[in-house]
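Peer 1: Structure file run.txt (compact mmCIF, C-alpha atoms and all ligand atoms) is given on the next line.
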# COMPACT_ATOMS: atom_id res chain seq x y z
CA MET A 1 165.38 68.29 148.96
CA ALA A 2 163.66 71.20 147.20
CA VAL A 3 160.74 70.25 144.96
CA LYS A 4 161.46 71.23 141.38
CA CYS A 5 158.64 72.76 139.35
CA VAL A 6 157.41 70.83 136.32
CA PHE A 7 158.74 73.39 133.83
CA CYS A 8 162.18 73.37 135.51
CA ALA A 9 162.11 69.58 135.15
CA ILE A 10 161.29 69.92 131.43
CA ALA A 11 164.06 72.50 130.98
CA ALA A 12 166.51 70.13 132.67
CA GLY A 13 165.44 67.20 130.47
CA GLU A 14 164.11 65.35 133.52
CA ALA A 15 160.46 65.39 132.35
CA ALA A 16 159.21 64.62 128.85
CA ALA A 17 157.86 67.31 126.57
CA ALA A 18 157.32 67.76 122.84
CA VAL A 19 159.99 70.42 122.38
CA VAL A 20 159.81 72.42 119.15
CA TYR A 21 162.49 75.05 119.85
CA GLU A 22 165.29 75.46 122.37
CA ASP A 23 168.42 77.47 122.88
CA ASP A 24 170.66 78.18 125.84
CA GLN A 25 168.10 80.48 127.50
CA VAL A 26 164.61 79.40 126.47
CA LEU A 27 162.53 76.38 125.53
CA PHE A 28 159.21 76.01 123.67
CA PHE A 29 157.14 72.83 123.84
CA ARG A 30 153.61 71.73 122.98
CA ASP A 31 150.99 72.26 125.69
CA ILE A 32 149.60 68.94 126.95
CA ARG A 33 146.07 70.40 126.97
CA PRO A 34 146.01 72.42 123.74
CA LYS A 35 143.46 75.21 123.40
CA ALA A 36 144.15 75.74 119.67
CA PRO A 37 145.44 73.57 116.77
CA VAL A 38 148.92 74.82 117.69
CA HIS A 39 149.49 75.64 121.36
CA LEU A 40 153.03 76.10 122.62
CA VAL A 41 154.34 76.95 126.06
CA GLY A 42 157.51 79.06 126.02
CA ILE A 43 159.67 79.29 129.13
CA PRO A 44 162.97 80.74 130.27
CA ARG A 45 165.26 77.94 131.48
CA ARG A 46 165.98 79.97 134.61
CA HIS A 47 163.12 79.83 137.08
CA ALA A 48 161.02 82.96 137.58
CA VAL A 49 157.50 82.86 138.96
CA SER A 50 155.62 85.08 136.52
CA LEU A 51 155.65 88.40 134.71
CA ALA A 52 154.27 89.89 137.92
CA SER A 53 157.59 89.28 139.68
CA VAL A 54 160.17 90.25 137.05
CA GLN A 55 162.51 93.21 137.41
CA ALA A 56 164.57 95.38 135.08
CA ALA A 57 167.49 92.94 135.40
CA ASP A 58 165.33 90.26 133.79
CA ALA A 59 164.95 92.27 130.58
CA PRO A 60 167.59 90.30 128.59
CA LEU A 61 165.95 86.99 129.50
CA LEU A 62 162.49 88.29 128.64
CA GLY A 63 163.87 89.63 125.39
CA ALA A 64 165.31 86.21 124.58
CA LEU A 65 161.94 84.59 125.29
CA LEU A 66 160.00 87.01 123.08
CA ALA A 67 162.61 87.01 120.33
CA ALA A 68 162.37 83.22 120.05
CA VAL A 69 158.59 83.23 119.57
CA PRO A 70 158.60 83.61 115.74
CA ALA A 71 161.06 80.74 115.23
CA ALA A 72 159.16 78.49 117.64
CA ALA A 73 155.85 79.37 115.97
CA ARG A 74 157.25 78.62 112.51
CA ARG A 75 158.71 75.28 113.62
CA ALA A 76 155.35 74.31 115.12
CA GLY A 77 153.60 75.01 111.83
CA ILE A 78 152.11 78.43 112.47
CA GLY A 79 152.06 80.28 109.15
CA PRO A 80 151.64 83.86 108.02
CA GLY A 81 148.19 83.99 109.62
CA GLY A 82 149.96 84.75 112.87
CA PHE A 83 149.44 83.81 116.49
CA ARG A 84 148.25 85.01 119.89
CA LEU A 85 150.63 85.41 122.83
CA ILE A 86 149.33 85.18 126.40
CA SER A 87 151.09 85.13 129.75
CA ASN A 88 149.03 84.34 132.83
CA ALA A 89 150.43 85.96 135.97
CA GLY A 90 148.90 85.10 139.31
CA ARG A 91 145.65 83.79 140.69
CA HIS A 92 143.29 86.18 138.94
CA ALA A 93 144.72 85.12 135.58
CA GLY A 94 144.33 81.45 136.51
CA GLN A 95 148.07 80.73 136.42
CA GLU A 96 148.48 77.01 137.11
CA VAL A 97 152.23 76.55 136.80
CA GLY A 98 154.39 78.93 138.85
CA HIS A 99 157.20 79.20 136.31
CA LEU A 100 157.03 82.22 134.02
CA HIS A 101 155.73 81.20 130.62
CA VAL A 102 153.99 82.42 127.50
CA HIS A 103 151.31 80.60 125.57
CA VAL A 104 151.64 80.76 121.77
CA LEU A 105 148.31 79.95 120.14
CA GLY A 106 147.59 79.64 116.44
CA GLY A 107 146.90 77.37 113.51
CA GLU A 108 143.45 78.78 112.77
CA PRO A 109 141.60 82.09 113.18
CA LEU A 110 141.25 82.46 116.95
CA GLY A 111 138.45 84.99 116.99
CA PRO A 112 138.19 87.86 119.44
CA MET A 113 140.06 87.54 122.70
CA ARG A 114 137.84 86.40 125.57
CA CYS A 115 138.65 86.50 129.26
P1 LIG B 201 148.92 78.55 133.05
O1 LIG B 201 147.46 78.42 133.40
O2 LIG B 201 149.21 79.80 132.27
O3 LIG B 201 149.80 78.36 134.25
O4 LIG B 201 149.20 77.39 132.02
C1 LIG B 201 150.02 76.30 132.27
C2 LIG B 201 149.94 75.42 131.04
O5 LIG B 201 150.92 74.43 131.13
C3 LIG B 201 148.58 74.74 130.86
O6 LIG B 201 148.02 75.11 129.60
C4 LIG B 201 148.93 73.25 130.92
O7 LIG B 201 148.18 72.46 130.04
C5 LIG B 201 150.41 73.26 130.56
N1 LIG B 201 151.19 72.16 131.10
C6 LIG B 201 151.24 71.76 132.40
N2 LIG B 201 152.09 70.72 132.53
C7 LIG B 201 152.59 70.48 131.28
C8 LIG B 201 153.52 69.55 130.74
N3 LIG B 201 154.12 68.61 131.53
N4 LIG B 201 153.80 69.58 129.42
C9 LIG B 201 153.19 70.49 128.62
N5 LIG B 201 152.32 71.42 129.07
C10 LIG B 201 152.02 71.41 130.38
Would you mind giving the structure from this file in structure tokens?
Peer 2:
Amino acid sequence: MAVKCVFCAIAAGEAAAAVVYEDDQVLFFRDIRPKAPVHLVGIPRRHAVSLASVQAADAPLLGALLAAVPAAARRAGIGPGGFRLISNAGRHAGQEVGHLHVHVLGGEPLGPMRC
């Protein structure tokens, strides 16, 4: 039997997560190791490895993911101060989970971006 990735398991409701926003295409939940007062992980329900592997045909799904960010951020308590969006893609970015995702970080001034 194929091993399911942890984010696929969350999307399928087979693994627990603190979900703050979901629709038929995407899901946003709180990161288990938050790096900011509010730290969400946003994923497409359909498995894709990372932004490094997407193609033009994935544009609607990526659009759905990005378009849901403001609603997810609001529901998680991020206010008009805004947020930072990051997507790690591949080994050099330190990607740990091989299911395309964005990090939504906010809840306080985050300072300059550091690598
Ligand atoms: P990345 O390094 O971009 O692959 O980040 C993966 C993120 O997923 C990390 O910040 C982890 O803390 C987070 N993470 C891994 N497993 C879970 C989980 N079961 N629930 C919530 N967040 C998770």
Peer 1: Select from chain A every residue with an atom at most 9 Å from any atom of ligand LIG 201 (chain B), then for each give the shortest pair of atoms and their distance in Å to one decimal, using only C-alpha atoms and all ligand atoms, rows by chain and rising number, as a Markdown table.
Peer 2:
| residue | atom | partner | partner_atom | distance |
| --- | --- | --- | --- | --- |
| A:Val6 | CA | B:LIG201 | N3 | 6.2 |
| A:Phe7 | CA | B:LIG201 | N3 | 7.0 |
| A:Ala9 | CA | B:LIG201 | N3 | 8.8 |
| A:Ile10 | CA | B:LIG201 | N3 | 7.3 |
| A:Ala15 | CA | B:LIG201 | N3 | 7.2 |
| A:Ala16 | CA | B:LIG201 | N3 | 7.0 |
| A:Ala17 | CA | B:LIG201 | N4 | 5.5 |
| A:Ala18 | CA | B:LIG201 | C9 | 7.6 |
| A:Phe29 | CA | B:LIG201 | C9 | 6.6 |
| A:Arg30 | CA | B:LIG201 | C9 | 5.8 |
| A:Asp31 | CA | B:LIG201 | N5 | 3.7 |
| A:Ile32 | CA | B:LIG201 | N5 | 4.2 |
| A:Arg33 | CA | B:LIG201 | O7 | 4.3 |
| A:Pro34 | CA | B:LIG201 | O7 | 6.7 |
| A:Lys35 | CA | B:LIG201 | O6 | 7.7 |
| A:His39 | CA | B:LIG201 | O6 | 8.4 |
| A:Leu40 | CA | B:LIG201 | N5 | 8.0 |
| A:Val41 | CA | B:LIG201 | N5 | 6.6 |
| A:Ile86 | CA | B:LIG201 | O2 | 8.0 |
| A:Ser87 | CA | B:LIG201 | O2 | 6.2 |
| A:Asn88 | CA | B:LIG201 | O2 | 4.6 |
| A:Ala89 | CA | B:LIG201 | O2 | 7.3 |
| A:Gly90 | CA | B:LIG201 | O3 | 8.5 |
| A:Ala93 | CA | B:LIG201 | O1 | 7.6 |
| A:Gly94 | CA | B:LIG201 | O1 | 5.4 |
| A:Gln95 | CA | B:LIG201 | O3 | 3.6 |
| A:Glu96 | CA | B:LIG201 | O3 | 3.4 |
| A:Val97 | CA | B:LIG201 | O3 | 4.0 |
| A:Gly98 | CA | B:LIG201 | O3 | 6.5 |
| A:His99 | CA | B:LIG201 | O3 | 7.7 |
| A:Leu100 | CA | B:LIG201 | O3 | 8.2 |
| A:His101 | CA | B:LIG201 | O2 | 6.9 |
| A:Val102 | CA | B:LIG201 | O2 | 7.2 |
| A:His103 | CA | B:LIG201 | O2 | 7.1 |
Peer 1: Provide the atom CA of Glu108 of chain A to atom CA of Ala11 of chain A distance in Å, to one decimal place.
Peer 2: 28.2 Å
Peer 1: Name all residues at most 8 Å from Gln25 of chain A (count all atoms listed in the file; drop same-chain ones fewer than 6 positions away) and give them as an mmCIF file with C-alpha atoms, keeping the file's coordinate frame.
Peer 2:
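Dumped everything to around.cif:
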data_model
loop_
_atom_site.group_PDB
_atom_site.id
_atom_site.type_symbol
_atom_site.label_atom_id
_atom_site.label_comp_id
_atom_site.auth_asym_id
_atom_site.auth_seq_id
_atom_site.Cartn_x
_atom_site.Cartn_y
_atom_site.Cartn_z
ATOM 1 C CA PRO A 44 162.970 80.740 130.270
ATOM 2 C CA ARG A 45 165.260 77.940 131.480
ATOM 3 C CA ARG A 46 165.980 79.970 134.610
ATOM 4 C CA LEU A 61 165.950 86.990 129.500
ATOM 5 C CA ALA A 64 165.310 86.210 124.580
ATOM 6 C CA LEU A 65 161.940 84.590 125.290
#
Peer 1: Which residue, A:Val26, A:Leu105, A:Ala56, A:Val49, has the smallest gap to Gly81 of chain A when you use all atoms listed in the file?
Peer 2: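 Of A:Val26, A:Leu105, A:Ala56, A:Val49, the one nearest Gly81 of chain A is A:Leu105, counting all atoms listed in the file.
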Peer 1: Any idea what the distance is between atom CA of Asp24 of chain A and atom CA of Cys8 of chain A?
Peer 2: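 If I compute the distance from atom CA of Asp24 of chain A to atom CA of Cys8 of chain A, I get 13.7 Å.
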Peer 1: Could you pull the residues within 12 Å of Arg114 of chain A, counting only C-alpha atoms, minus those fewer than 3 positions along the same chain, as a PyMOL selection string?
Peer 2: chain A and resi 84+86+110-111
Peer 1: To one decimal place, how far is atom CA of Gln55 of chain A from atom CA of Gly13 of chain A in Å?
Peer 2: 27.1 Å
Peer 1: List the residues sitting within 12 Å of (158.6, 76.5, 112.2) in the file's frame, using all atoms listed in the file, as a list in words.
Peer 2: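 Every polymer residue passing the test: Val19, Val20, Tyr21, Phe28, Val38, Leu40, Ala68, Val69, Pro70, Ala71, Ala72, Ala73, Arg74, Arg75, Ala76, Gly77, Ile78, Gly79, Pro80, Gly82 and Gly107 of chain A.
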